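Participant: Before anything else, here's the structure in question.
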Amino acid sequence: MPTIRLVDITKKFGKGSIAVNHLNLEIKDGDFVSLLGPSGCGKTTTLRMIAGLETPSEGEIYIDDQLVFSDAKGVNVSPDKRNVGFLFQNYALWPHMTVYKNISFGLENMKWPKEKIDARVKEICQTMRIEEYIQRYPSELSGGQQQRVAIARTLAPNPRVLLMDEPLSNLDAKLRNDMRAELKRLHMTTGATFVYVTHDQSEAMTLSSKVCLIKEGVLQQYCPPLALYGEPANLFCADFMGNPTMNFIPCHGIKKDQAVELTCRHFSVLFTPNQPLTLPAEGDYVLGVRPEFVKVRGEEGIEGTVISSLPSGMETTLSLAVKDITLSAVAFGSVDFAMDSVIHFGFEGDRYILFDAQSTENLGLGSLQILN
Ligand SMILES: Nc1ncnc2c1ncn2[C@@H]1O[C@H](COP(=O)(O)OP(=O)(O)OP(=O)(O)O)[C@@H](O)[C@H]1O
């Protein structure tokens with residue numbers, strides 16, 4: 001049973017500007033969904049429409065099969081009746097209240113009995129590992145501790161759905177990592193549905209069970225993060241996921257039975273698709289190669305010059321030039337390649353992607369064989 005369903009949701013601000021364009025999305029019970037995309041693509045607007053803080057221009061929203069918004073039927077359930085919790089970037093705790101009071105206050109407003117409130121506050125403080133700060137004021141806590149209190153406050157009423165808008169963006173890198181792990185653990189233990197706005201692809205990648213990648217208000221792809229990484233729907237999705245980013249090599253292709261001979265300016269390769277493809281006799285393509293699939297070898301393969309080599313301990317990121325084509329490569333382990341040295345590289349496996357140069361769509365995955 002889906003928890004949240006958006007049906008053909010559009011949001012227009014003023015006259016021309018369309019923030020969200022005919023969005024259809026089904027978020028299943030217990031999912032951890034990230035709304036991901038560049039600044040201004042409509043992530044926050046989408047989250048706020050689910051919460052009831054923004055009114056869609058068109059479409060319908062269901063939460064737990066209850067219709068909470070419909071322009072056609074004139075339904076618009078108020079935010080406090082949607083049984084969702086929100087956590088925003090500026091999670092302002094009440095400075096004049098202790099941690100205990102910050103958490104209990106909302107429950108008191110909901111007319112919970114006193115003993116139940118007390119038990120719940122203690123329980124949630126234990127879950128968030130903030131029991132020892134229960135009598136402190138926010139000013140006596142670190143940023144990470146304050147953030148944990150804010151999460152505890154949001155989770156206290158047991159919302160089935162937790163909506164979060166870049167909740168970690170004010171924290172430093174180390175704390176952000178700790179809080180990511182905390183959120184993931186929390187998602188497992190509460191069994192709640194999390195909807196999480198971020199513009200950080202690595203955050204979406206590591207946290208979510210599904211990623212909803214949006215560009216200019218239009219949904220590009222909605223799938224588990226590894227599927228988005230390995231089988232991006234188009235060039236935009238491929239480029240957005242991964243760091244260093246995917247190599248895109250423009251080429252001209254001529255069909256050879258099931259395979260395509262690709263001429264990429266300074267070298268040619270034979271692309272053999274994993275599944276049969278229907279392709280024209282000739283066409284323009286973009287070959288997508290993840291940096292980890294550029295395999296640096298001894299003396300065989302395509303010749304490249306090392307522009308830069310960045311060993312980081314576990315892996316080494318290389319920038320290679322094949323005349324005027326620049327490629328990134330990631331080699332496992334700490335290997336320092338000398339600047340300007342000549343190396344050779346090849347291709348292994350079957351995760352290379354053929355994109356249509358015009359439509360930018362992913363046509364299929366396959367393997368590569370160097371021809372010259
Ligand atoms: N109240 C508003 N009035 C007019 N335009 C708005 C309003 N709120 C958002 N927009 C516009 O709608 C579009 C989507 O905004 P939104 O805040 O949803 O993007 P976002 O993906 O969350 O961006 P960011 O990552 O920068 O927060 C943007 O072009 C924005 O300028």
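By convention in this document, the chains of the structure tokens carry letters A, B, ... by their order, each chain's residues are numbered from 1, and ligands are numbered from 1 in the order they are shown.
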Give one line per residue of chain A that approaches ligand 1 to at most 9 Å, naming the two atoms of the closest pair and their distance in Å to one decimal, counting only C-alpha atoms and all ligand atoms; sort by chain then ascending residue number and deliver it as JSON lines.
Facilitator:
{"residue": "A:Lys11", "atom": "CA", "partner": "ligand 1", "partner_atom_place_in_ligand_line": "12 (O)", "distance": 8.3}
{"residue": "A:Lys12", "atom": "CA", "partner": "ligand 1", "partner_atom_place_in_ligand_line": "12 (O)", "distance": 7.8}
{"residue": "A:Phe13", "atom": "CA", "partner": "ligand 1", "partner_atom_place_in_ligand_line": "4 (C)", "distance": 4.8}
{"residue": "A:Gly14", "atom": "CA", "partner": "ligand 1", "partner_atom_place_in_ligand_line": "4 (C)", "distance": 6.5}
{"residue": "A:Ser17", "atom": "CA", "partner": "ligand 1", "partner_atom_place_in_ligand_line": "29 (O)", "distance": 7.0}
{"residue": "A:Ile18", "atom": "CA", "partner": "ligand 1", "partner_atom_place_in_ligand_line": "12 (O)", "distance": 6.8}
{"residue": "A:Ala19", "atom": "CA", "partner": "ligand 1", "partner_atom_place_in_ligand_line": "12 (O)", "distance": 4.1}
{"residue": "A:Val20", "atom": "CA", "partner": "ligand 1", "partner_atom_place_in_ligand_line": "14 (C)", "distance": 7.1}
{"residue": "A:Leu35", "atom": "CA", "partner": "ligand 1", "partner_atom_place_in_ligand_line": "21 (O)", "distance": 8.4}
{"residue": "A:Leu36", "atom": "CA", "partner": "ligand 1", "partner_atom_place_in_ligand_line": "21 (O)", "distance": 7.6}
{"residue": "A:Gly37", "atom": "CA", "partner": "ligand 1", "partner_atom_place_in_ligand_line": "21 (O)", "distance": 6.3}
{"residue": "A:Pro38", "atom": "CA", "partner": "ligand 1", "partner_atom_place_in_ligand_line": "25 (O)", "distance": 6.0}
{"residue": "A:Ser39", "atom": "CA", "partner": "ligand 1", "partner_atom_place_in_ligand_line": "26 (O)", "distance": 3.6}
{"residue": "A:Gly40", "atom": "CA", "partner": "ligand 1", "partner_atom_place_in_ligand_line": "19 (O)", "distance": 3.4}
{"residue": "A:Cys41", "atom": "CA", "partner": "ligand 1", "partner_atom_place_in_ligand_line": "21 (O)", "distance": 3.8}
{"residue": "A:Gly42", "atom": "CA", "partner": "ligand 1", "partner_atom_place_in_ligand_line": "18 (O)", "distance": 3.2}
{"residue": "A:Lys43", "atom": "CA", "partner": "ligand 1", "partner_atom_place_in_ligand_line": "21 (O)", "distance": 3.9}
{"residue": "A:Thr44", "atom": "CA", "partner": "ligand 1", "partner_atom_place_in_ligand_line": "22 (O)", "distance": 3.6}
{"residue": "A:Thr45", "atom": "CA", "partner": "ligand 1", "partner_atom_place_in_ligand_line": "18 (O)", "distance": 3.7}
{"residue": "A:Thr46", "atom": "CA", "partner": "ligand 1", "partner_atom_place_in_ligand_line": "18 (O)", "distance": 6.4}
{"residue": "A:Leu47", "atom": "CA", "partner": "ligand 1", "partner_atom_place_in_ligand_line": "18 (O)", "distance": 8.1}
{"residue": "A:Arg48", "atom": "CA", "partner": "ligand 1", "partner_atom_place_in_ligand_line": "18 (O)", "distance": 8.4}
{"residue": "A:Glu54", "atom": "CA", "partner": "ligand 1", "partner_atom_place_in_ligand_line": "1 (N)", "distance": 8.8}
{"residue": "A:Asp165", "atom": "CA", "partner": "ligand 1", "partner_atom_place_in_ligand_line": "22 (O)", "distance": 8.3}
{"residue": "A:Glu166", "atom": "CA", "partner": "ligand 1", "partner_atom_place_in_ligand_line": "27 (O)", "distance": 8.4}
{"residue": "A:Val197", "atom": "CA", "partner": "ligand 1", "partner_atom_place_in_ligand_line": "22 (O)", "distance": 7.4}
{"residue": "A:Thr198", "atom": "CA", "partner": "ligand 1", "partner_atom_place_in_ligand_line": "25 (O)", "distance": 6.9}
{"residue": "A:His199", "atom": "CA", "partner": "ligand 1", "partner_atom_place_in_ligand_line": "25 (O)", "distance": 5.8}
{"residue": "A:Ile214", "atom": "CA", "partner": "ligand 1", "partner_atom_place_in_ligand_line": "21 (O)", "distance": 8.1}
{"residue": "A:Lys215", "atom": "CA", "partner": "ligand 1", "partner_atom_place_in_ligand_line": "21 (O)", "distance": 8.5}
{"residue": "A:Glu216", "atom": "CA", "partner": "ligand 1", "partner_atom_place_in_ligand_line": "14 (C)", "distance": 7.7}
{"residue": "A:Gly217", "atom": "CA", "partner": "ligand 1", "partner_atom_place_in_ligand_line": "14 (C)", "distance": 7.1}
Participant: Which residues come within 8 Å of Tyr91 (chain A), counting only C-alpha atoms, excluding same-chain residues fewer than 4 positions away, as a list of chain:residue names?
Facilitator: A:Leu87, A:Gln147, A:Ala150, A:Pro167
Participant: The selected residues should be written to file as a PDB file, in the first residue's frame (atoms: N, CA and C atoms).
Facilitator:
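That gives us result20.pdb:
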ATOM      1  N   LEU A  87      11.043  18.397   9.248  1.00  0.00           N
ATOM      2  CA  LEU A  87      12.303  18.838   9.830  1.00  0.00           C
ATOM      3  C   LEU A  87      12.973  19.700   8.780  1.00  0.00           C
ATOM      4  N   GLN A 147      20.720  19.339  16.733  1.00  0.00           N
ATOM      5  CA  GLN A 147      20.043  18.709  15.599  1.00  0.00           C
ATOM      6  C   GLN A 147      19.365  17.420  16.040  1.00  0.00           C
ATOM      7  N   ALA A 150      16.221  18.321  17.688  1.00  0.00           N
ATOM      8  CA  ALA A 150      15.206  18.701  16.688  1.00  0.00           C
ATOM      9  C   ALA A 150      14.581  17.456  16.059  1.00  0.00           C
ATOM     10  N   PRO A 167      18.197  18.807   6.133  1.00  0.00           N
ATOM     11  CA  PRO A 167      18.335  19.020   7.571  1.00  0.00           C
ATOM     12  C   PRO A 167      19.783  19.054   8.039  1.00  0.00           C
TER      13      PRO A 167
END
Participant: With only C-alpha atoms as the counted atoms, please give the residues lying no more than 6 Å from region 238-241 of chain A, apart from itself and same-chain residues fewer than 2 positions off, as a PDB file with N, CA and C atoms, in the first residue's frame.
Facilitator:
ATOM      1  N   GLN A 201      24.367  14.681  -4.319  1.00  0.00           N
ATOM      2  CA  GLN A 201      24.143  13.349  -4.876  1.00  0.00           C
ATOM      3  C   GLN A 201      24.709  12.245  -3.992  1.00  0.00           C
ATOM      4  N   TYR A 229      22.776   5.237 -10.659  1.00  0.00           N
ATOM      5  CA  TYR A 229      24.206   5.349 -10.943  1.00  0.00           C
ATOM      6  C   TYR A 229      24.612   4.456 -12.125  1.00  0.00           C
ATOM      7  N   PRO A 232      21.628   5.191 -15.712  1.00  0.00           N
ATOM      8  CA  PRO A 232      20.937   6.483 -15.773  1.00  0.00           C
ATOM      9  C   PRO A 232      20.078   6.586 -17.030  1.00  0.00           C
ATOM     10  N   LEU A 235      21.537  11.639 -20.290  1.00  0.00           N
ATOM     11  CA  LEU A 235      22.832  12.275 -19.996  1.00  0.00           C
ATOM     12  C   LEU A 235      22.777  13.114 -18.729  1.00  0.00           C
ATOM     13  N   PHE A 236      21.651  13.792 -18.488  1.00  0.00           N
ATOM     14  CA  PHE A 236      21.528  14.615 -17.282  1.00  0.00           C
ATOM     15  C   PHE A 236      21.696  13.750 -16.030  1.00  0.00           C
ATOM     16  N   THR A 245      32.732  12.720 -12.204  1.00  0.00           N
ATOM     17  CA  THR A 245      31.568  12.445 -13.043  1.00  0.00           C
ATOM     18  C   THR A 245      31.916  11.484 -14.193  1.00  0.00           C
TER      19      THR A 245
END
Participant: One decimal, Å: what's the distance from CA of Tyr285 (chain A) over to CA of Val211 (chain A), could you say?
Facilitator: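 Here the two named atoms are 26.6 Å from each other.
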Participant: Suppose you want the space between CA of Ser169 (chain A) and CA of Gln146 (chain A); what is it in Å?
Facilitator: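 These atoms are spaced 13.6 Å apart.
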Participant: Might you pull out every residue within 12 Å of Leu226 (chain A), with only C-alpha atoms counted and same-chain residues fewer than 2 positions away left off, and present them as an mmCIF file with N, CA and C atoms, in the first residue's frame?
Facilitator:
data_model
loop_
_atom_site.group_PDB
_atom_site.id
_atom_site.type_symbol
_atom_site.label_atom_id
_atom_site.label_comp_id
_atom_site.auth_asym_id
_atom_site.auth_seq_id
_atom_site.Cartn_x
_atom_site.Cartn_y
_atom_site.Cartn_z
ATOM 1 N N GLN A 201 24.367 14.681 -4.319
ATOM 2 C CA GLN A 201 24.143 13.349 -4.876
ATOM 3 C C GLN A 201 24.709 12.245 -3.992
ATOM 4 N N SER A 202 25.822 12.522 -3.293
ATOM 5 C CA SER A 202 26.404 11.452 -2.488
ATOM 6 C C SER A 202 25.529 11.193 -1.258
ATOM 7 N N ALA A 204 22.206 11.546 -1.219
ATOM 8 C CA ALA A 204 21.071 10.780 -1.748
ATOM 9 C C ALA A 204 21.477 9.330 -2.001
ATOM 10 N N MET A 205 22.666 9.177 -2.528
ATOM 11 C CA MET A 205 23.196 7.852 -2.881
ATOM 12 C C MET A 205 23.312 6.960 -1.637
ATOM 13 N N THR A 206 23.875 7.527 -0.565
ATOM 14 C CA THR A 206 24.186 6.698 0.596
ATOM 15 C C THR A 206 22.975 6.464 1.504
ATOM 16 N N LEU A 207 22.013 7.397 1.503
ATOM 17 C CA LEU A 207 20.925 7.294 2.465
ATOM 18 C C LEU A 207 19.687 6.577 1.938
ATOM 19 N N SER A 208 19.346 6.830 0.681
ATOM 20 C CA SER A 208 17.987 6.516 0.232
ATOM 21 C C SER A 208 17.769 5.089 -0.215
ATOM 22 N N SER A 209 16.516 4.673 -0.119
ATOM 23 C CA SER A 209 16.141 3.426 -0.784
ATOM 24 C C SER A 209 15.733 3.732 -2.228
ATOM 25 N N LYS A 210 15.270 4.970 -2.458
ATOM 26 C CA LYS A 210 14.949 5.390 -3.825
ATOM 27 C C LYS A 210 15.280 6.867 -3.993
ATOM 28 N N VAL A 211 15.721 7.231 -5.188
ATOM 29 C CA VAL A 211 16.027 8.622 -5.481
ATOM 30 C C VAL A 211 15.085 9.113 -6.572
ATOM 31 N N TYR A 222 13.247 7.785 -11.292
ATOM 32 C CA TYR A 222 12.851 7.459 -9.929
ATOM 33 C C TYR A 222 13.144 5.987 -9.703
ATOM 34 N N CYS A 223 14.214 5.700 -8.975
ATOM 35 C CA CYS A 223 14.641 4.308 -8.809
ATOM 36 C C CYS A 223 15.652 4.215 -7.674
ATOM 37 N N PRO A 224 16.070 3.000 -7.281
ATOM 38 C CA PRO A 224 17.103 2.884 -6.249
ATOM 39 C C PRO A 224 18.397 3.570 -6.701
ATOM 40 N N LEU A 228 20.248 4.213 -10.482
ATOM 41 C CA LEU A 228 20.425 5.543 -11.073
ATOM 42 C C LEU A 228 21.887 5.743 -11.485
ATOM 43 N N TYR A 229 22.776 5.237 -10.659
ATOM 44 C CA TYR A 229 24.206 5.349 -10.943
ATOM 45 C C TYR A 229 24.612 4.456 -12.125
ATOM 46 N N GLY A 230 24.113 3.231 -12.107
ATOM 47 C CA GLY A 230 24.548 2.248 -13.112
ATOM 48 C C GLY A 230 23.791 2.328 -14.417
ATOM 49 N N GLU A 231 22.518 2.704 -14.327
ATOM 50 C CA GLU A 231 21.697 2.762 -15.545
ATOM 51 C C GLU A 231 20.920 4.064 -15.602
ATOM 52 N N PRO A 232 21.628 5.191 -15.712
ATOM 53 C CA PRO A 232 20.937 6.483 -15.773
ATOM 54 C C PRO A 232 20.078 6.586 -17.030
ATOM 55 N N ALA A 238 23.041 10.788 -15.779
ATOM 56 C CA ALA A 238 24.390 10.212 -15.735
ATOM 57 C C ALA A 238 25.384 11.221 -15.187
ATOM 58 N N MET A 241 24.933 12.073 -11.169
ATOM 59 C CA MET A 241 25.347 11.083 -10.174
ATOM 60 C C MET A 241 26.813 10.714 -10.374
ATOM 61 N N GLY A 242 27.546 10.636 -9.265
ATOM 62 C CA GLY A 242 28.928 10.167 -9.333
ATOM 63 C C GLY A 242 29.933 11.287 -9.234
#
Participant: Taking the DSSP secondary structure from the backbone, can you list the residues of region 210-263 of chain A that are strand (DSSP E), as a ChimeraX atom specification?
Facilitator: /A:210-215,218-223,247-256,259-263
Participant: Give the alpha helix (DSSP H) residues of region 173-328 of chain A, as assigned by DSSP on the backbone, as an MDAnalysis selection string.
Facilitator: chainID A and resid 173:190 201:207 225:230 235:240
Participant: Please determine, counting only C-alpha atoms, which residue among A:Thr154, A:Gln66, A:Gln89, A:Gln220 has the shortest atom-to-atom distance to Glu361 (chain A).
Facilitator: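 Closest residue, counting only C-alpha atoms: A:Gln220.
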Participant: At a cut-off of 10 Å, using only C-alpha atoms, what residues contact His22 (chain A)? Leave out same-chain residues fewer than 6 positions from it and give the result as a list in words.
Facilitator: Leu6, Val7, Asp8, Ile9, Thr10, Lys11, Glu58, Gly59, Gly217, Val218 and Leu219 of chain A
Participant: Could you tell me how far CA of Ala357 (chain A) sits from CA of Lys256 (chain A), in Å to one decimal place?
Facilitator: 18.9 Å
Participant: Applying 12 Å and only C-alpha atoms, which residues near Gly143 (chain A) remain after dropping the ones on its own chain fewer than 4 positions away? List them as a PyMOL selection string.
Facilitator: chain A and resi 90-93+138-139+147-150+167-172+174-176+179
Participant: Have a look at A:Phe345, A:Pro244, A:Arg153, A:Pro311 and name the one nearest to Trp94 (chain A); count only C-alpha atoms.
Facilitator: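 Comparing A:Phe345, A:Pro244, A:Arg153, A:Pro311 against Trp94 (chain A), the winner is A:Arg153.
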Participant: Just want the 12 Å neighbourhood of region 68-70 of chain A, counted on only C-alpha atoms, with same-chain residues fewer than 2 positions away dropped. Output as number ranges by chain.
Facilitator: A: 3-10, 49-66, 72-84
Participant: Go ahead and dump the residues you just picked, N, CA and C atoms, as an mmCIF file, in the first residue's frame.
Facilitator:
data_model
loop_
_atom_site.group_PDB
_atom_site.id
_atom_site.type_symbol
_atom_site.label_atom_id
_atom_site.label_comp_id
_atom_site.auth_asym_id
_atom_site.auth_seq_id
_atom_site.Cartn_x
_atom_site.Cartn_y
_atom_site.Cartn_z
ATOM 1 N N THR A 3 2.280 4.889 0.733
ATOM 2 C CA THR A 3 2.000 5.867 1.781
ATOM 3 C C THR A 3 1.650 7.224 1.175
ATOM 4 N N ILE A 4 2.455 7.614 0.169
ATOM 5 C CA ILE A 4 2.234 8.932 -0.423
ATOM 6 C C ILE A 4 2.116 8.771 -1.939
ATOM 7 N N ARG A 5 1.115 9.394 -2.497
ATOM 8 C CA ARG A 5 0.955 9.302 -3.958
ATOM 9 C C ARG A 5 0.684 10.685 -4.521
ATOM 10 N N LEU A 6 1.530 11.104 -5.445
ATOM 11 C CA LEU A 6 1.319 12.373 -6.136
ATOM 12 C C LEU A 6 0.825 12.050 -7.546
ATOM 13 N N VAL A 7 -0.304 12.593 -7.906
ATOM 14 C CA VAL A 7 -0.879 12.300 -9.225
ATOM 15 C C VAL A 7 -0.925 13.589 -10.038
ATOM 16 N N ASP A 8 -0.086 13.634 -11.074
ATOM 17 C CA ASP A 8 -0.108 14.752 -12.019
ATOM 18 C C ASP A 8 -0.062 16.116 -11.322
ATOM 19 N N ILE A 9 0.876 16.235 -10.399
ATOM 20 C CA ILE A 9 0.973 17.470 -9.605
ATOM 21 C C ILE A 9 1.764 18.540 -10.370
ATOM 22 N N THR A 10 1.154 19.709 -10.487
ATOM 23 C CA THR A 10 1.826 20.849 -11.110
ATOM 24 C C THR A 10 1.740 22.028 -10.154
ATOM 25 N N MET A 49 4.381 20.757 -0.736
ATOM 26 C CA MET A 49 3.039 20.382 -1.204
ATOM 27 C C MET A 49 2.569 19.107 -0.496
ATOM 28 N N ILE A 50 3.497 18.174 -0.250
ATOM 29 C CA ILE A 50 3.121 16.953 0.481
ATOM 30 C C ILE A 50 2.705 17.324 1.907
ATOM 31 N N ALA A 51 3.461 18.270 2.494
ATOM 32 C CA ALA A 51 3.187 18.679 3.873
ATOM 33 C C ALA A 51 1.890 19.479 3.997
ATOM 34 N N GLY A 52 1.468 20.091 2.889
ATOM 35 C CA GLY A 52 0.283 20.948 2.933
ATOM 36 C C GLY A 52 0.638 22.408 3.169
ATOM 37 N N LEU A 53 1.930 22.736 3.053
ATOM 38 C CA LEU A 53 2.371 24.118 3.280
ATOM 39 C C LEU A 53 2.342 24.935 1.991
ATOM 40 N N GLU A 54 2.176 24.251 0.888
ATOM 41 C CA GLU A 54 2.103 24.902 -0.427
ATOM 42 C C GLU A 54 0.937 24.250 -1.155
ATOM 43 N N THR A 55 0.143 25.051 -1.855
ATOM 44 C CA THR A 55 -1.025 24.496 -2.546
ATOM 45 C C THR A 55 -0.683 24.235 -4.011
ATOM 46 N N PRO A 56 -0.815 22.992 -4.469
ATOM 47 C CA PRO A 56 -0.541 22.708 -5.886
ATOM 48 C C PRO A 56 -1.520 23.456 -6.795
ATOM 49 N N SER A 57 -1.102 23.715 -8.024
ATOM 50 C CA SER A 57 -2.010 24.355 -8.983
ATOM 51 C C SER A 57 -2.946 23.328 -9.590
ATOM 52 N N GLU A 58 -2.430 22.092 -9.751
ATOM 53 C CA GLU A 58 -3.250 21.017 -10.327
ATOM 54 C C GLU A 58 -2.811 19.696 -9.719
ATOM 55 N N GLY A 59 -3.696 18.692 -9.809
ATOM 56 C CA GLY A 59 -3.337 17.331 -9.410
ATOM 57 C C GLY A 59 -3.944 16.886 -8.104
ATOM 58 N N GLU A 60 -3.510 15.700 -7.667
ATOM 59 C CA GLU A 60 -4.042 15.118 -6.437
ATOM 60 C C GLU A 60 -2.916 14.550 -5.588
ATOM 61 N N ILE A 61 -3.077 14.608 -4.277
ATOM 62 C CA ILE A 61 -2.111 13.996 -3.363
ATOM 63 C C ILE A 61 -2.870 13.088 -2.395
ATOM 64 N N TYR A 62 -2.359 11.872 -2.244
ATOM 65 C CA TYR A 62 -2.929 10.930 -1.274
ATOM 66 C C TYR A 62 -1.874 10.614 -0.224
ATOM 67 N N ILE A 63 -2.284 10.564 1.042
ATOM 68 C CA ILE A 63 -1.407 10.062 2.093
ATOM 69 C C ILE A 63 -2.158 8.924 2.766
ATOM 70 N N ASP A 64 -1.543 7.744 2.749
ATOM 71 C CA ASP A 64 -2.197 6.552 3.293
ATOM 72 C C ASP A 64 -3.591 6.363 2.708
ATOM 73 N N ASP A 65 -3.671 6.527 1.404
ATOM 74 C CA ASP A 65 -4.933 6.335 0.676
ATOM 75 C C ASP A 65 -6.013 7.352 0.995
ATOM 76 N N GLN A 66 -5.673 8.337 1.814
ATOM 77 C CA GLN A 66 -6.647 9.410 2.050
ATOM 78 C C GLN A 66 -6.306 10.556 1.092
ATOM 79 N N ALA A 72 -9.500 19.457 -8.453
ATOM 80 C CA ALA A 72 -10.785 19.186 -9.107
ATOM 81 C C ALA A 72 -11.904 18.975 -8.091
ATOM 82 N N LYS A 73 -11.569 18.284 -6.973
ATOM 83 C CA LYS A 73 -12.608 17.966 -5.978
ATOM 84 C C LYS A 73 -12.661 18.984 -4.844
ATOM 85 N N GLY A 74 -11.807 19.990 -4.918
ATOM 86 C CA GLY A 74 -11.807 21.043 -3.899
ATOM 87 C C GLY A 74 -11.400 20.549 -2.519
ATOM 88 N N VAL A 75 -10.465 19.558 -2.472
ATOM 89 C CA VAL A 75 -10.004 19.029 -1.176
ATOM 90 C C VAL A 75 -8.646 19.644 -0.845
ATOM 91 N N ASN A 76 -8.470 20.102 0.385
ATOM 92 C CA ASN A 76 -7.147 20.556 0.825
ATOM 93 C C ASN A 76 -7.055 20.410 2.348
ATOM 94 N N VAL A 77 -6.565 19.235 2.775
ATOM 95 C CA VAL A 77 -6.476 18.934 4.206
ATOM 96 C C VAL A 77 -5.335 19.765 4.813
ATOM 97 N N SER A 78 -5.565 20.373 5.972
ATOM 98 C CA SER A 78 -4.555 21.262 6.564
ATOM 99 C C SER A 78 -3.345 20.449 7.054
ATOM 100 N N PRO A 79 -2.173 21.099 7.133
ATOM 101 C CA PRO A 79 -0.933 20.383 7.463
ATOM 102 C C PRO A 79 -1.026 19.572 8.759
ATOM 103 N N ASP A 80 -1.681 20.129 9.789
ATOM 104 C CA ASP A 80 -1.721 19.426 11.082
ATOM 105 C C ASP A 80 -2.602 18.175 11.043
ATOM 106 N N LYS A 81 -3.390 18.013 9.973
ATOM 107 C CA LYS A 81 -4.258 16.817 9.896
ATOM 108 C C LYS A 81 -3.675 15.769 8.937
ATOM 109 N N ARG A 82 -2.441 15.967 8.492
ATOM 110 C CA ARG A 82 -1.889 15.024 7.515
ATOM 111 C C ARG A 82 -1.015 13.941 8.156
ATOM 112 N N ASN A 83 -0.833 13.994 9.456
ATOM 113 C CA ASN A 83 -0.016 13.027 10.194
ATOM 114 C C ASN A 83 1.405 12.892 9.621
ATOM 115 N N VAL A 84 2.006 14.053 9.310
ATOM 116 C CA VAL A 84 3.393 14.041 8.842
ATOM 117 C C VAL A 84 4.222 14.931 9.765
#
Participant: So, with only C-alpha atoms as the atoms that count, which of A:Gly30, A:Cys125, A:Arg265, A:Leu287 lies closest to Thr190 (chain A)?
Facilitator: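 Closest residue, counting only C-alpha atoms: A:Gly30.
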Participant: Check the smallest atom-to-atom distance from each of A:Met339, A:Ile151, A:Ile325, A:Met97 to Val306 (chain A) using only C-alpha atoms, then report the winner.
Facilitator: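 Among A:Met339, A:Ile151, A:Ile325, A:Met97, it is A:Met339 that comes nearest to Val306 (chain A).
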